[in-house]
>>> print(open('entry-v3.txt').read())   # compact mmCIF, C-alpha atoms
# COMPACT_ATOMS: atom_id res chain seq x y z
CA MET A 1 55.85 87.54 81.31
CA GLU A 2 55.64 83.86 82.29
CA PRO A 3 54.80 83.27 85.99
CA ASP A 4 58.14 81.47 86.61
CA ASN A 5 60.11 84.33 85.08
CA LEU A 6 58.09 86.86 87.06
CA ASN A 7 58.82 84.98 90.29
CA LYS A 8 62.53 84.84 89.46
CA GLU A 9 62.61 88.58 88.75
CA GLN A 10 60.81 89.32 92.02
CA ASP A 11 63.27 87.04 93.83
CA GLN A 12 66.23 88.89 92.29
CA ASN A 13 64.73 92.24 93.28
CA SER A 14 64.24 90.99 96.83
CA TRP A 15 67.87 89.82 97.09
CA ALA A 16 69.12 93.13 95.63
CA VAL A 17 67.02 95.19 98.06
CA ASN A 18 68.25 93.09 100.98
CA ALA A 19 71.91 93.33 99.93
CA TRP A 20 71.70 97.10 99.53
CA THR A 21 69.89 97.45 102.87
CA LEU A 22 72.63 95.49 104.65
CA LEU A 23 75.44 97.44 102.96
CA SER A 24 73.71 100.69 103.94
CA LYS A 25 73.38 99.49 107.56
CA LEU A 26 77.05 98.50 107.55
CA ARG A 27 78.06 101.94 106.33
CA ASP A 28 75.85 103.63 108.93
CA GLN A 29 76.82 101.44 111.89
CA SER A 30 80.52 100.83 111.11
CA PRO A 31 80.66 97.54 113.05
CA LEU A 32 83.90 96.63 114.80
CA ILE A 33 85.26 93.41 113.26
CA GLN A 34 88.11 91.58 114.99
CA CYS A 35 90.24 89.57 112.56
CA ILE A 36 92.60 86.87 113.77
CA THR A 37 94.11 86.14 110.40
CA ASN A 38 97.20 85.24 108.44
CA PHE A 39 100.07 87.59 107.62
CA VAL A 40 99.37 87.41 103.87
CA SER A 41 95.79 88.65 104.15
CA MET A 42 95.87 91.32 106.86
CA ASP A 43 96.26 94.28 104.50
CA LEU A 44 93.54 93.35 101.99
CA MET A 45 91.13 92.23 104.71
CA ALA A 46 91.51 95.49 106.62
CA ASN A 47 91.18 97.62 103.48
CA THR A 48 88.12 95.68 102.29
CA LEU A 49 86.42 96.20 105.65
CA LEU A 50 87.32 99.89 105.70
CA SER A 51 86.12 100.48 102.14
CA ALA A 52 82.81 98.77 102.96
CA GLY A 53 82.35 101.01 106.00
CA ALA A 54 83.35 98.63 108.80
CA SER A 55 86.07 99.10 111.43
CA PRO A 56 88.75 96.37 111.36
CA ALA A 57 90.85 95.34 114.35
CA MET A 58 93.70 92.94 113.58
CA ILE A 59 94.16 91.81 117.18
CA HIS A 60 95.41 88.27 117.77
CA SER A 61 97.30 88.31 121.08
CA ILE A 62 95.70 86.00 123.65
CA GLU A 63 96.52 88.55 126.36
CA GLU A 64 93.99 90.96 124.79
CA ILE A 65 91.11 88.59 124.03
CA GLN A 66 89.26 88.80 127.37
CA ASP A 67 89.34 92.61 127.38
CA PHE A 68 88.77 93.29 123.69
CA THR A 69 86.67 90.55 122.07
CA PRO A 70 83.47 91.06 124.15
CA HIS A 71 83.17 94.54 122.64
CA VAL A 72 83.43 93.62 118.94
CA HIS A 73 80.38 93.25 116.70
CA ALA A 74 81.78 90.14 114.97
CA LEU A 75 84.92 88.01 114.91
CA CYS A 76 86.68 86.54 111.87
CA ILE A 77 89.14 83.66 112.35
CA ASN A 78 91.36 82.66 109.44
CA VAL A 79 93.91 79.83 109.78
CA GLY A 80 96.03 80.69 106.72
CA THR A 81 99.50 80.89 108.29
CA LEU A 82 98.61 78.60 111.17
CA SER A 83 101.09 77.87 113.96
CA PRO A 84 100.64 76.24 117.38
CA ALA A 85 101.27 79.59 119.08
CA TRP A 86 98.18 81.15 117.46
CA LEU A 87 95.66 78.38 118.21
CA PRO A 88 94.97 79.24 121.88
CA ALA A 89 94.01 82.81 120.95
CA MET A 90 91.72 81.55 118.19
CA ARG A 91 90.02 79.13 120.57
CA GLU A 92 89.64 81.70 123.32
CA ALA A 93 88.34 84.40 120.98
CA ALA A 94 85.69 82.04 119.60
CA GLN A 95 84.64 81.06 123.13
CA VAL A 96 84.51 84.68 124.30
CA ALA A 97 82.49 85.71 121.22
CA ASN A 98 80.01 82.90 121.88
CA LYS A 99 79.69 83.86 125.54
CA ALA A 100 79.08 87.49 124.57
CA GLY A 101 76.51 86.49 121.94
CA LYS A 102 78.60 87.86 119.08
CA PRO A 103 78.72 86.10 115.68
CA TRP A 104 81.99 84.68 114.44
CA VAL A 105 83.09 83.42 111.03
CA LEU A 106 85.66 80.73 110.25
CA ASP A 107 87.88 80.57 107.16
CA PRO A 108 89.44 77.06 107.21
CA VAL A 109 92.30 77.80 104.80
CA ALA A 110 93.82 74.62 103.30
CA ALA A 111 91.97 72.54 105.91
CA GLY A 112 92.86 69.25 104.20
CA ALA A 113 96.54 70.00 103.61
CA SER A 114 97.84 68.45 106.86
CA SER A 115 96.56 66.55 109.87
CA PHE A 116 97.65 69.41 112.17
CA ARG A 117 95.65 71.94 110.17
CA LEU A 118 92.60 69.68 109.84
CA LYS A 119 92.52 68.92 113.56
CA ALA A 120 92.73 72.63 114.38
CA CYS A 121 89.94 73.49 111.94
CA LEU A 122 87.67 70.72 113.23
CA GLU A 123 88.25 71.93 116.79
CA LEU A 124 87.26 75.46 115.73
CA VAL A 125 84.16 74.13 113.93
CA GLY A 126 83.22 72.55 117.25
CA LEU A 127 83.20 76.02 118.82
CA LYS A 128 80.07 76.89 116.83
CA PRO A 129 80.90 79.52 114.21
CA SER A 130 77.94 81.37 112.70
CA VAL A 131 79.40 80.96 109.21
CA ILE A 132 82.12 78.78 107.65
CA ARG A 133 83.45 80.01 104.29
CA GLY A 134 85.96 78.05 102.25
CA ASN A 135 86.69 76.72 98.80
CA GLY A 136 85.41 73.37 97.57
CA SER A 137 88.41 71.35 98.76
CA GLU A 138 88.36 72.93 102.23
CA ILE A 139 84.65 72.29 102.76
CA ILE A 140 84.95 68.69 101.53
CA ALA A 141 87.90 68.09 103.89
CA LEU A 142 85.94 69.45 106.88
CA SER A 143 82.83 67.50 105.96
CA LYS A 144 84.74 64.23 105.63
CA ALA A 145 87.12 65.10 108.51
CA SER A 146 90.01 63.80 106.39
CA ILE A 147 93.05 65.23 104.63
CA GLY A 148 93.10 64.88 100.87
CA ALA A 149 94.51 66.03 97.55
CA THR A 150 94.95 69.78 97.64
CA LYS A 151 96.96 72.51 95.90
CA GLY A 152 97.93 74.27 99.11
CA VAL A 153 95.44 77.08 99.62
CA ASP A 154 93.95 76.63 96.13
CA SER A 155 90.98 74.38 95.49
CA SER A 156 91.11 71.13 93.55
CA HIS A 157 87.30 71.15 93.37
CA GLU A 158 84.67 73.40 91.83
CA SER A 159 82.13 74.85 94.26
CA MET A 160 79.34 72.75 92.73
CA ASP A 161 81.33 69.59 93.59
CA ALA A 162 80.98 70.49 97.26
CA VAL A 163 77.23 71.14 97.54
CA GLU A 164 76.45 67.92 99.40
CA ALA A 165 79.53 68.30 101.61
CA ALA A 166 78.46 71.86 102.43
CA LYS A 167 74.93 70.76 103.35
CA SER A 168 76.30 67.96 105.53
CA LEU A 169 78.74 70.31 107.29
CA ALA A 170 76.01 72.88 107.85
CA GLN A 171 73.75 70.26 109.41
CA SER A 172 76.46 68.83 111.67
CA SER A 173 77.93 72.19 112.75
CA GLY A 174 74.86 74.41 112.87
CA ALA A 175 76.72 77.00 110.80
CA ILE A 176 75.84 78.60 107.50
CA VAL A 177 78.36 77.14 105.04
CA ALA A 178 79.58 79.09 102.01
CA VAL A 179 81.68 77.58 99.22
CA SER A 180 83.50 80.03 96.97
CA GLY A 181 83.85 79.29 93.27
CA ALA A 182 82.58 80.36 89.85
CA VAL A 183 79.21 80.18 91.59
CA ASP A 184 79.36 80.80 95.34
CA ILE A 185 77.22 78.27 97.22
CA ILE A 186 75.51 79.19 100.48
CA THR A 187 73.51 76.71 102.56
CA ASP A 188 72.01 76.18 106.00
CA GLY A 189 71.93 72.42 105.42
CA HIS A 190 68.53 72.46 103.73
CA ARG A 191 68.14 75.59 101.64
CA VAL A 192 70.85 76.17 99.00
CA VAL A 193 71.41 79.39 97.07
CA GLY A 194 74.00 80.41 94.51
CA ALA A 195 75.63 83.84 94.18
CA HIS A 196 76.76 84.37 90.58
CA ASN A 197 78.74 87.62 90.68
CA GLY A 198 82.53 87.97 90.38
CA VAL A 199 85.35 87.60 87.85
CA SER A 200 87.95 84.86 87.46
CA MET A 201 90.90 87.26 87.76
CA MET A 202 90.06 87.75 91.44
CA GLN A 203 91.70 84.32 91.90
CA LYS A 204 95.00 85.88 90.77
CA ILE A 205 95.03 88.25 93.75
CA THR A 206 96.16 86.76 97.03
CA ALA A 207 93.72 86.96 99.96
CA THR A 208 90.54 87.83 98.04
CA GLY A 209 88.90 84.80 99.67
CA CYS A 210 90.13 85.91 103.07
CA ALA A 211 88.84 89.42 102.38
CA VAL A 212 85.34 88.25 101.49
CA THR A 213 85.22 86.14 104.66
CA ALA A 214 85.90 89.31 106.65
CA LEU A 215 83.17 91.10 104.68
CA ILE A 216 80.78 88.25 105.54
CA ALA A 217 81.59 88.83 109.21
CA ALA A 218 80.72 92.52 108.80
CA PHE A 219 77.41 91.73 107.08
CA VAL A 220 76.47 89.14 109.70
CA ALA A 221 77.34 91.71 112.38
CA VAL A 222 74.54 94.00 111.15
CA ASP A 223 72.01 91.17 110.66
CA PRO A 224 73.01 88.26 112.91
CA LEU A 225 69.55 86.66 112.86
CA HIS A 226 69.67 86.13 109.08
CA ALA A 227 73.18 84.79 108.55
CA LEU A 228 72.39 82.99 105.27
CA GLU A 229 71.03 86.13 103.65
CA ALA A 230 73.87 88.24 105.07
CA THR A 231 76.46 85.78 103.74
CA ALA A 232 74.94 85.65 100.25
CA SER A 233 74.72 89.45 100.22
CA ALA A 234 78.37 89.90 101.20
CA LEU A 235 79.54 87.44 98.53
CA SER A 236 77.38 89.21 95.94
CA ILE A 237 78.57 92.69 96.90
CA PHE A 238 82.22 91.62 96.72
CA GLY A 239 81.60 89.90 93.37
CA ILE A 240 79.90 92.99 91.93
CA ALA A 241 82.82 95.13 93.08
CA GLY A 242 85.14 92.70 91.27
CA GLU A 243 83.11 93.02 88.06
CA MET A 244 83.17 96.81 88.24
CA GLY A 245 86.89 96.84 89.02
CA MET A 246 87.60 94.47 86.13
CA ALA A 247 86.02 96.93 83.70
CA VAL A 248 88.94 99.32 84.23
CA ALA A 249 91.73 96.99 85.41
CA LYS A 250 94.71 95.98 83.28
CA GLY A 251 95.67 92.95 85.38
CA PRO A 252 95.64 91.55 88.92
CA ALA A 253 97.53 94.44 90.55
CA SER A 254 95.24 97.15 89.19
CA LEU A 255 92.17 94.95 89.84
CA ARG A 256 93.16 94.82 93.51
CA MET A 257 93.15 98.61 93.66
CA HIS A 258 89.92 99.01 91.69
CA LEU A 259 88.24 96.26 93.73
CA ILE A 260 88.75 98.25 96.93
CA ASP A 261 87.58 101.45 95.21
CA SER A 262 84.49 99.68 93.85
CA VAL A 263 83.48 98.35 97.28
CA TYR A 264 83.74 101.94 98.57
CA ASN A 265 81.84 103.50 95.64
CA LEU A 266 79.14 100.86 95.21
CA ASP A 267 75.67 102.40 94.82
CA GLN A 268 72.13 101.07 94.79
CA ALA A 269 71.85 101.19 90.99
CA ALA A 270 74.85 98.91 90.54
CA VAL A 271 73.56 96.44 93.13
CA SER A 272 70.06 96.41 91.62
CA SER A 273 71.24 95.90 88.05
CA ARG A 274 74.09 93.45 88.66
CA LEU A 275 73.23 91.20 91.61
CA LYS A 276 72.36 87.62 90.72
CA VAL A 277 71.36 85.10 93.39
CA THR A 278 69.43 81.94 92.56
CA SER A 279 67.90 79.06 94.49
CA LEU A 280 69.64 75.77 93.70
>>> encode(input="entry-v3.txt", output="structure tokens")
Amino acid sequence: MEPDNLNKEQDQNSWAVNAWTLLSKLRDQSPLIQCITNFVSMDLMANTLLSAGASPAMIHSIEEIQDFTPHVHALCINVGTLSPAWLPAMREAAQVANKAGKPWVLDPVAAGASSFRLKACLELVGLKPSVIRGNGSEIIALSKASIGATKGVDSSHESMDAVEAAKSLAQSSGAIVAVSGAVDIITDGHRVVGAHNGVSMMQKITATGCAVTALIAAFVAVDPLHALEATASALSIFGIAGEMGMAVAKGPASLRMHLIDSVYNLDQAAVSSRLKVTSL
């Protein structure tokens, strides 16, 4: 085998071992993940976390933040169905998580769709999330701090279009930035890796992006000191589950069911044989 190919194979094996180790830790530790999220995604996010072995808590009332949030293992904030009434709780939860030394993950849904939404997302970015995960259009909007052409919550850009924007955002925010797409991009502002698992039909199921952001929060909860690796592992695990679900699905509705089952049933052999992460 050529030295380059040998190095690539060793790299793949290392990523697969790490992803399986983190999933095993997640299943053993069952981290408590608080999700302040949109009404559309609550069900799939909670079921994805449960099937992976985590414990979801869909608590968003500001009256509960001071008592509850210090005890979670990670926080996930998703601005999908954003309204002014929800923003104070999001801000306070992020601040409490930071004070308690707990990681938190931001999903800036449709960040560039309106000035209200963009301002809210930029304010949350300023509260130092551990990870920001969005589609290409969302990450470009945050990086440029400007609203732009968007199809609502859908992306007008491929993930590869947003590599430089992701690096810039990671450098300015201090967060790991992940861009979902045909290839998921993950960067700390310098290093860039691509996660290549998943199937296109996952885009036909509402809240799959939201669900993988919650899964990222769970993975970062069990390895907070290696957020880039945890993020890439979560994206890969979710993508592999999508591939396995697609093998028996007849369409988006059955894929949703089989996706959750596949996250639950995922074993080391599937992770080792299917996972594909590359340096970009």
>>> residues_near_point(input="entry-v3.txt", point="(85.5, 75.8, 107.1)", cutoff="6 Å", atoms="all atoms listed in the file", output="number ranges by chain")
A: 106-108, 132-134, 139
>>> residues_around(input="entry-v3.txt", residues="Cys210 in chain A", least_positions_apart="3", cutoff="12 Å", atoms="all atoms listed in the file", output="number ranges by chain")
A: 35-49, 76-81, 105-110, 132-135, 153, 180, 202-203, 205-207, 213-217, 235, 238
>>> atom_distance(input="entry-v3.txt", atom1="CA of Pro224 in chain A", atom2="CA of Glu243 in chain A")
27.2 Å
>>> residues_around(input="entry-v3.txt", residues="Leu26 in chain A", least_positions_apart="6", cutoff="10 Å", atoms="only C-alpha atoms", output="PyMOL selection string")
chain A and resi 20+49+52-55+218-223
>>> write_last_selection(input="entry-v3.txt", atoms="C-alpha atoms", output="compact mmCIF listing (two decimals), keeping the file's coordinate frame")
# COMPACT_ATOMS: atom_id res chain seq x y z
CA TRP A 20 71.70 97.10 99.53
CA LEU A 49 86.42 96.20 105.65
CA ALA A 52 82.81 98.77 102.96
CA GLY A 53 82.35 101.01 106.00
CA ALA A 54 83.35 98.63 108.80
CA SER A 55 86.07 99.10 111.43
CA ALA A 218 80.72 92.52 108.80
CA PHE A 219 77.41 91.73 107.08
CA VAL A 220 76.47 89.14 109.70
CA ALA A 221 77.34 91.71 112.38
CA VAL A 222 74.54 94.00 111.15
CA ASP A 223 72.01 91.17 110.66
>>> closest_residue(input="entry-v3.txt", among="A:Lys25, A:Ala89, A:Leu82, A:Pro31", to="His60 in chain A", atoms="only C-alpha atoms")
A:Ala89
>>> closest_residue(input="entry-v3.txt", among="A:Thr278, A:Ala141, A:Lys99, A:Val131", to="Lys119 in chain A", atoms="all atoms listed in the file")
A:Ala141
>>> closest_residue(input="entry-v3.txt", among="A:Leu280, A:Val263, A:Leu75, A:Met246", to="Ile186 in chain A", atoms="all atoms listed in the file")
A:Leu280
>>> build_atoms(input="entry-v3.txt", residues="range 171-182 of chain A", atoms="all heavy atoms", output="compact mmCIF listing (two decimals), in the coordinates of the input")
# COMPACT_ATOMS: atom_id res chain seq x y z
N GLN A 171 74.64 71.01 108.51
CA GLN A 171 73.75 70.26 109.41
C GLN A 171 74.48 69.81 110.67
O GLN A 171 73.94 69.89 111.78
CB GLN A 171 73.15 69.07 108.67
CG GLN A 171 72.14 69.44 107.61
CD GLN A 171 71.76 68.29 106.70
OE1 GLN A 171 72.14 67.15 106.94
NE2 GLN A 171 71.00 68.57 105.65
N SER A 172 75.72 69.35 110.51
CA SER A 172 76.46 68.83 111.67
C SER A 172 77.00 69.94 112.57
O SER A 172 77.13 69.75 113.78
CB SER A 172 77.61 67.92 111.21
OG SER A 172 78.58 68.66 110.47
N SER A 173 77.30 71.11 111.99
CA SER A 173 77.93 72.19 112.75
C SER A 173 76.94 73.25 113.23
O SER A 173 77.23 73.98 114.17
CB SER A 173 78.99 72.88 111.90
OG SER A 173 78.38 73.57 110.80
N GLY A 174 75.81 73.35 112.56
CA GLY A 174 74.86 74.41 112.87
C GLY A 174 75.21 75.74 112.25
O GLY A 174 74.53 76.75 112.49
N ALA A 175 76.27 75.76 111.45
CA ALA A 175 76.72 77.00 110.80
C ALA A 175 76.12 77.13 109.40
O ALA A 175 75.75 76.14 108.76
CB ALA A 175 78.24 77.01 110.70
N ILE A 176 76.03 78.36 108.93
CA ILE A 176 75.84 78.60 107.50
C ILE A 176 77.16 78.27 106.83
O ILE A 176 78.23 78.67 107.32
CB ILE A 176 75.46 80.07 107.23
CG1 ILE A 176 74.15 80.44 107.94
CG2 ILE A 176 75.38 80.33 105.72
CD1 ILE A 176 72.96 79.59 107.56
N VAL A 177 77.13 77.51 105.74
CA VAL A 177 78.36 77.14 105.04
C VAL A 177 78.35 77.78 103.65
O VAL A 177 77.37 77.65 102.90
CB VAL A 177 78.52 75.61 104.94
CG1 VAL A 177 79.75 75.25 104.09
CG2 VAL A 177 78.63 75.00 106.33
N ALA A 178 79.43 78.47 103.32
CA ALA A 178 79.58 79.09 102.01
C ALA A 178 80.79 78.49 101.31
O ALA A 178 81.85 78.33 101.92
CB ALA A 178 79.76 80.60 102.15
N VAL A 179 80.61 78.15 100.03
CA VAL A 179 81.68 77.58 99.22
C VAL A 179 81.96 78.53 98.07
O VAL A 179 81.09 78.76 97.22
CB VAL A 179 81.29 76.20 98.65
CG1 VAL A 179 82.51 75.52 98.02
CG2 VAL A 179 80.67 75.31 99.72
N SER A 180 83.14 79.10 98.04
CA SER A 180 83.50 80.03 96.97
C SER A 180 83.87 79.29 95.71
O SER A 180 84.48 78.22 95.74
CB SER A 180 84.67 80.92 97.41
OG SER A 180 84.27 81.78 98.44
N GLY A 181 83.52 79.88 94.56
CA GLY A 181 83.85 79.29 93.27
C GLY A 181 83.27 80.16 92.17
O GLY A 181 82.90 81.31 92.41
N ALA A 182 83.19 79.62 90.95
CA ALA A 182 82.58 80.36 89.85
C ALA A 182 81.16 80.77 90.23
O ALA A 182 80.70 81.87 89.92
CB ALA A 182 82.58 79.50 88.59
